[in-house]
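File shown: data06.pdb (PDB, C-alpha atoms, pLDDT in the B column).
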```pdb
ATOM      1  CA  MET A 567      36.908  28.528 -13.876  1.00 69.00           C
ATOM      2  CA  MET A 568      37.648  26.017 -11.146  1.00 75.00           C
ATOM      3  CA  PRO A 569      34.949  25.095  -8.543  1.00 75.00           C
ATOM      4  CA  SER A 570      35.659  26.247  -5.027  1.00 82.00           C
ATOM      5  CA  LYS A 571      36.180  23.886  -2.139  1.00 79.00           C
ATOM      6  CA  THR A 572      32.752  24.862  -0.797  1.00 84.00           C
ATOM      7  CA  ASP A 573      31.104  23.973  -4.109  1.00 76.00           C
ATOM      8  CA  ILE A 574      32.791  20.556  -4.114  1.00 78.00           C
ATOM      9  CA  MET A 575      31.735  19.850  -0.522  1.00 75.00           C
ATOM     10  CA  LEU A 576      28.164  20.937  -1.276  1.00 74.00           C
ATOM     11  CA  ALA A 577      28.067  18.703  -4.367  1.00 71.00           C
ATOM     12  CA  LEU A 578      29.369  15.716  -2.376  1.00 70.00           C
ATOM     13  CA  PHE A 579      26.878  16.371   0.409  1.00 72.00           C
ATOM     14  CA  LEU A 580      23.962  16.529  -2.045  1.00 68.00           C
ATOM     15  CA  ALA A 581      25.159  13.417  -3.907  1.00 68.00           C
ATOM     16  CA  LEU A 582      25.453  11.471  -0.652  1.00 65.00           C
ATOM     17  CA  ASN A 583      21.996  12.582   0.488  1.00 66.00           C
ATOM     18  CA  LEU A 584      20.514  11.663  -2.881  1.00 65.00           C
ATOM     19  CA  HIS A 585      22.182   8.249  -2.731  1.00 59.00           C
ATOM     20  CA  LEU A 586      20.984   7.549   0.835  1.00 61.00           C
ATOM     21  CA  PHE A 587      17.470   8.737  -0.014  1.00 62.00           C
ATOM     22  CA  SER A 588      17.328   6.409  -3.020  1.00 66.00           C
ATOM     23  CA  LEU A 589      18.484   3.465  -0.878  1.00 59.00           C
ATOM     24  CA  ALA A 590      15.905   4.182   1.822  1.00 61.00           C
ATOM     25  CA  SER A 591      12.994   4.670  -0.547  1.00 63.00           C
ATOM     26  CA  GLY A 592      14.016   1.943  -2.988  1.00 60.00           C
ATOM     27  CA  ASN A 593      12.597  -0.862  -0.824  1.00 54.00           C
ATOM     28  CA  PRO A 594       9.171   0.217   0.425  1.00 55.00           C
ATOM     29  CA  THR A 595       8.378  -3.265   1.770  1.00 58.00           C
ATOM     30  CA  TRP A 596      10.913  -4.022   4.443  1.00 52.00           C
ATOM     31  CA  PRO A 597      10.947  -7.628   5.627  1.00 55.00           C
ATOM     32  CA  SER A 598       8.722  -8.074   8.612  1.00 52.00           C
ATOM     33  CA  PRO A 599      10.496  -8.874  11.870  1.00 50.00           C
ATOM     34  CA  THR A 600      10.380 -12.418  13.159  1.00 49.00           C
ATOM     35  CA  PRO A 601       7.429 -12.585  15.514  1.00 49.00           C
ATOM     36  CA  MET A 602       8.159 -13.344  19.129  1.00 48.00           C
ATOM     37  CA  PRO A 603       6.561 -16.567  20.260  1.00 48.00           C
ATOM     38  CA  SER A 604       3.513 -16.185  22.415  1.00 47.00           C
ATOM     39  CA  SER A 605       4.164 -16.949  26.039  1.00 52.00           C
ATOM     40  CA  GLU A 606       0.713 -18.441  26.451  1.00 67.00           C
ATOM     41  CA  THR A 607      -0.193 -20.635  23.495  1.00 84.00           C
ATOM     42  CA  CYS A 608       1.244 -23.502  21.497  1.00 89.00           C
ATOM     43  CA  PRO A 609       1.322 -22.924  17.722  1.00 91.00           C
ATOM     44  CA  ILE A 610       0.632 -26.615  16.969  1.00 90.00           C
ATOM     45  CA  ASP A 611      -2.203 -28.969  17.870  1.00 89.00           C
ATOM     46  CA  THR A 612      -1.122 -30.250  21.285  1.00 83.00           C
ATOM     47  CA  ILE A 613      -3.149 -33.449  20.887  1.00 85.00           C
ATOM     48  CA  LYS A 614      -0.695 -34.533  18.189  1.00 88.00           C
ATOM     49  CA  LEU A 615       1.989 -34.628  20.884  1.00 84.00           C
ATOM     50  CA  GLY A 616       0.409 -37.848  22.139  1.00 82.00           C
ATOM     51  CA  VAL A 617       2.974 -39.605  19.910  1.00 82.00           C
ATOM     52  CA  CYS A 618       5.594 -38.361  22.372  1.00 81.00           C
ATOM     53  CA  ALA A 619       4.247 -40.656  25.109  1.00 76.00           C
ATOM     54  CA  ASN A 620       6.247 -43.616  23.791  1.00 71.00           C
ATOM     55  CA  VAL A 621       9.444 -41.586  23.636  1.00 73.00           C
ATOM     56  CA  LEU A 622       8.904 -40.204  27.110  1.00 71.00           C
ATOM     57  CA  GLY A 623       7.930 -43.614  28.494  1.00 67.00           C
ATOM     58  CA  ARG A 624      11.140 -45.109  27.128  1.00 68.00           C
ATOM     59  CA  LEU A 625      13.184 -42.268  28.634  1.00 65.00           C
ATOM     60  CA  LEU A 626      11.524 -42.739  32.018  1.00 60.00           C
ATOM     61  CA  GLY A 627      12.019 -46.521  31.981  1.00 56.00           C
ATOM     62  CA  HIS A 628       8.416 -47.553  31.317  1.00 51.00           C
ATOM     63  CA  ASP A 629       8.042 -50.698  29.248  1.00 47.00           C
ATOM     64  CA  VAL A 630       6.729 -49.279  25.978  1.00 48.00           C
ATOM     65  CA  GLY A 631       9.201 -50.750  23.515  1.00 50.00           C
ATOM     66  CA  ASN A 632      11.852 -48.850  21.622  1.00 50.00           C
ATOM     67  CA  PRO A 633       9.995 -46.356  19.410  1.00 51.00           C
ATOM     68  CA  PRO A 634      11.823 -43.888  17.174  1.00 56.00           C
ATOM     69  CA  ASN A 635      11.978 -40.264  18.288  1.00 67.00           C
ATOM     70  CA  LYS A 636      11.113 -38.913  14.836  1.00 75.00           C
ATOM     71  CA  PRO A 637       7.295 -38.760  15.061  1.00 82.00           C
ATOM     72  CA  CYS A 638       7.529 -36.763  18.282  1.00 85.00           C
ATOM     73  CA  CYS A 639      10.504 -34.568  17.442  1.00 88.00           C
ATOM     74  CA  SER A 640       9.262 -33.736  13.949  1.00 91.00           C
ATOM     75  CA  LEU A 641       6.255 -32.009  15.527  1.00 90.00           C
ATOM     76  CA  ILE A 642       8.403 -29.537  17.451  1.00 90.00           C
ATOM     77  CA  GLU A 643      11.499 -29.307  15.230  1.00 89.00           C
ATOM     78  CA  GLY A 644      10.396 -26.051  13.551  1.00 90.00           C
ATOM     79  CA  LEU A 645       9.639 -24.334  16.839  1.00 93.00           C
ATOM     80  CA  VAL A 646      11.967 -22.182  18.889  1.00 93.00           C
ATOM     81  CA  ASP A 647      12.831 -23.583  22.319  1.00 94.00           C
ATOM     82  CA  LEU A 648      10.220 -21.461  24.115  1.00 93.00           C
ATOM     83  CA  GLU A 649       7.419 -22.556  21.779  1.00 93.00           C
ATOM     84  CA  ALA A 650       8.482 -26.197  22.082  1.00 92.00           C
ATOM     85  CA  ALA A 651       8.550 -25.928  25.877  1.00 92.00           C
ATOM     86  CA  ILE A 652       5.076 -24.360  25.904  1.00 92.00           C
ATOM     87  CA  CYS A 653       3.700 -27.124  23.670  1.00 91.00           C
ATOM     88  CA  VAL A 654       5.234 -30.001  25.630  1.00 88.00           C
ATOM     89  CA  CYS A 655       4.213 -28.377  28.930  1.00 88.00           C
ATOM     90  CA  THR A 656       0.644 -27.995  27.685  1.00 86.00           C
ATOM     91  CA  ALA A 657       0.575 -31.636  26.556  1.00 83.00           C
ATOM     92  CA  ILE A 658       1.914 -32.858  29.894  1.00 81.00           C
ATOM     93  CA  LYS A 659      -0.522 -30.745  31.916  1.00 81.00           C
ATOM     94  CA  ALA A 660      -3.472 -31.852  29.784  1.00 81.00           C
ATOM     95  CA  ASN A 661      -2.304 -35.477  30.188  1.00 77.00           C
ATOM     96  CA  VAL A 662      -2.303 -35.819  26.408  1.00 70.00           C
ATOM     97  CA  LEU A 663       0.606 -38.207  26.825  1.00 64.00           C
ATOM     98  CA  GLY A 664      -1.552 -40.532  28.920  1.00 69.00           C
ATOM     99  CA  ILE A 665       1.055 -41.246  31.594  1.00 66.00           C
ATOM    100  CA  ASN A 666       1.661 -39.753  35.020  1.00 69.00           C
ATOM    101  CA  VAL A 667       4.987 -37.961  35.020  1.00 70.00           C
ATOM    102  CA  ASN A 668       7.180 -35.566  36.922  1.00 76.00           C
ATOM    103  CA  VAL A 669       6.528 -32.393  34.918  1.00 79.00           C
ATOM    104  CA  PRO A 670       9.922 -30.597  35.117  1.00 83.00           C
ATOM    105  CA  LEU A 671      11.879 -33.809  34.516  1.00 83.00           C
ATOM    106  CA  SER A 672       9.643 -34.990  31.681  1.00 81.00           C
ATOM    107  CA  LEU A 673       9.713 -31.589  30.008  1.00 85.00           C
ATOM    108  CA  THR A 674      13.512 -31.455  30.113  1.00 89.00           C
ATOM    109  CA  LEU A 675      13.966 -35.060  28.932  1.00 86.00           C
ATOM    110  CA  LEU A 676      11.549 -34.762  26.048  1.00 86.00           C
ATOM    111  CA  LEU A 677      12.956 -31.459  24.834  1.00 90.00           C
ATOM    112  CA  ASN A 678      16.542 -32.702  25.127  1.00 89.00           C
ATOM    113  CA  VAL A 679      15.897 -35.851  23.092  1.00 86.00           C
ATOM    114  CA  CYS A 680      14.495 -33.566  20.356  1.00 89.00           C
ATOM    115  CA  SER A 681      17.572 -31.271  20.473  1.00 91.00           C
ATOM    116  CA  LYS A 682      15.669 -28.513  22.241  1.00 93.00           C
ATOM    117  CA  SER A 683      16.238 -27.044  25.657  1.00 93.00           C
ATOM    118  CA  VAL A 684      14.069 -25.589  28.378  1.00 92.00           C
ATOM    119  CA  PRO A 685      14.540 -21.812  28.268  1.00 92.00           C
ATOM    120  CA  LYS A 686      16.089 -20.247  31.345  1.00 90.00           C
ATOM    121  CA  ASP A 687      13.449 -19.246  33.907  1.00 89.00           C
ATOM    122  CA  PHE A 688      10.705 -21.185  32.068  1.00 91.00           C
ATOM    123  CA  GLN A 689       8.218 -22.710  34.479  1.00 88.00           C
ATOM    124  CA  CYS A 690       5.640 -25.245  33.403  1.00 84.00           C
ATOM    125  CA  ALA A 691       2.867 -24.141  35.703  1.00 74.00           C
TER
END
```
Translate this file's structure into structure tokens.
Amino acid sequence: MMPSKTDIMLALFLALNLHLFSLASGNPTWPSPTPMPSSETCPIDTIKLGVCANVLGRLLGHDVGNPPNKPCCSLIEGLVDLEAAICVCTAIKANVLGINVNVPLSLTLLLNVCSKSVPKDFQCA
């Protein structure tokens, strides 16, 4: 006896449901989503950004020699642009860099030299 069209459709429907159920329940530990950076805190020790003073001084034309960018940029290289901007902003506001600077200009220059950018609408207040 040959199965009816209804029987075939029901068998396909059940097989598909069983397959989808096994896929969904086969991985009980889904990867956690990437956390959004906090808009208020810097994930690194801001005091360490004092090494950026030489880089910033050179960019602004202060006579501080010709230091490499690596010590400064390596501190923020693993951060997303927003986190990097928060950290550099915090360092500038706390005068960790030890030089008086124009905040928006300094923030942009320092992030740019480290291949980062100031996020749109970010304000270092």
Select, from A:Asn678, A:Thr656, A:Thr572, A:Thr607, the residue with the minimum atom-to-atom distance to Val621 in chain A, counting all atoms listed in the file.
->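 When distances to Val621 in chain A are compared using all atoms listed in the file, the smallest one comes from A:Asn678.
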Distance in Å - CA of Lys636 in chain A versus CA of Gly616 in chain A = 13.0 Å
Please provide the set of residues having any atom within 10 Å of range 609-614 of chain A, restricted to all atoms listed in the file, with same-chain residues fewer than 6 positions apart removed, written as number ranges by chain.
-> A: 603, 637-638, 641-642, 645, 649-650, 652-658, 660-663
Considering all atoms listed in the file, return as a ChimeraX atom specification whatever protein or nucleic-acid residues lie within 9 Å of Leu673 in chain A, sequence-local ones (same chain, fewer than 2 positions apart) excluded.
-> /A:651,654-655,658,668-671,675-678,684,690
Could you jot down the CA of Lys686 in chain A to CA of Val667 in chain A separation for me, Å, one decimal place?
-> 21.2 Å
Between CA of Gly644 in chain A and CA of Gln689 in chain A, what is the distance, to one decimal in Å?
->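 CA of Gln689 in chain A lies at a distance of 21.3 Å from CA of Gly644 in chain A.
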Which of A:Pro685, A:Cys608, A:Ala691, A:Ala577 sits closest to Leu648 in chain A [using all atoms listed in the file] |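 Under the stated criterion, the closest residue is A:Pro685.
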Selected residue of minimal separation from Ser672 in chain A among A:Asp687, A:Glu643, A:Met568, A:Lys659, counting all atoms listed in the file |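 Of all the options, A:Lys659 lies closest to Ser672 in chain A.
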Hey, which of A:Pro569, A:Cys639, A:Asp647, A:Asn620 ends up closest to Phe688 in chain A? Count only C-alpha atoms.
->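 The closest residue to Phe688 in chain A is A:Asp647.
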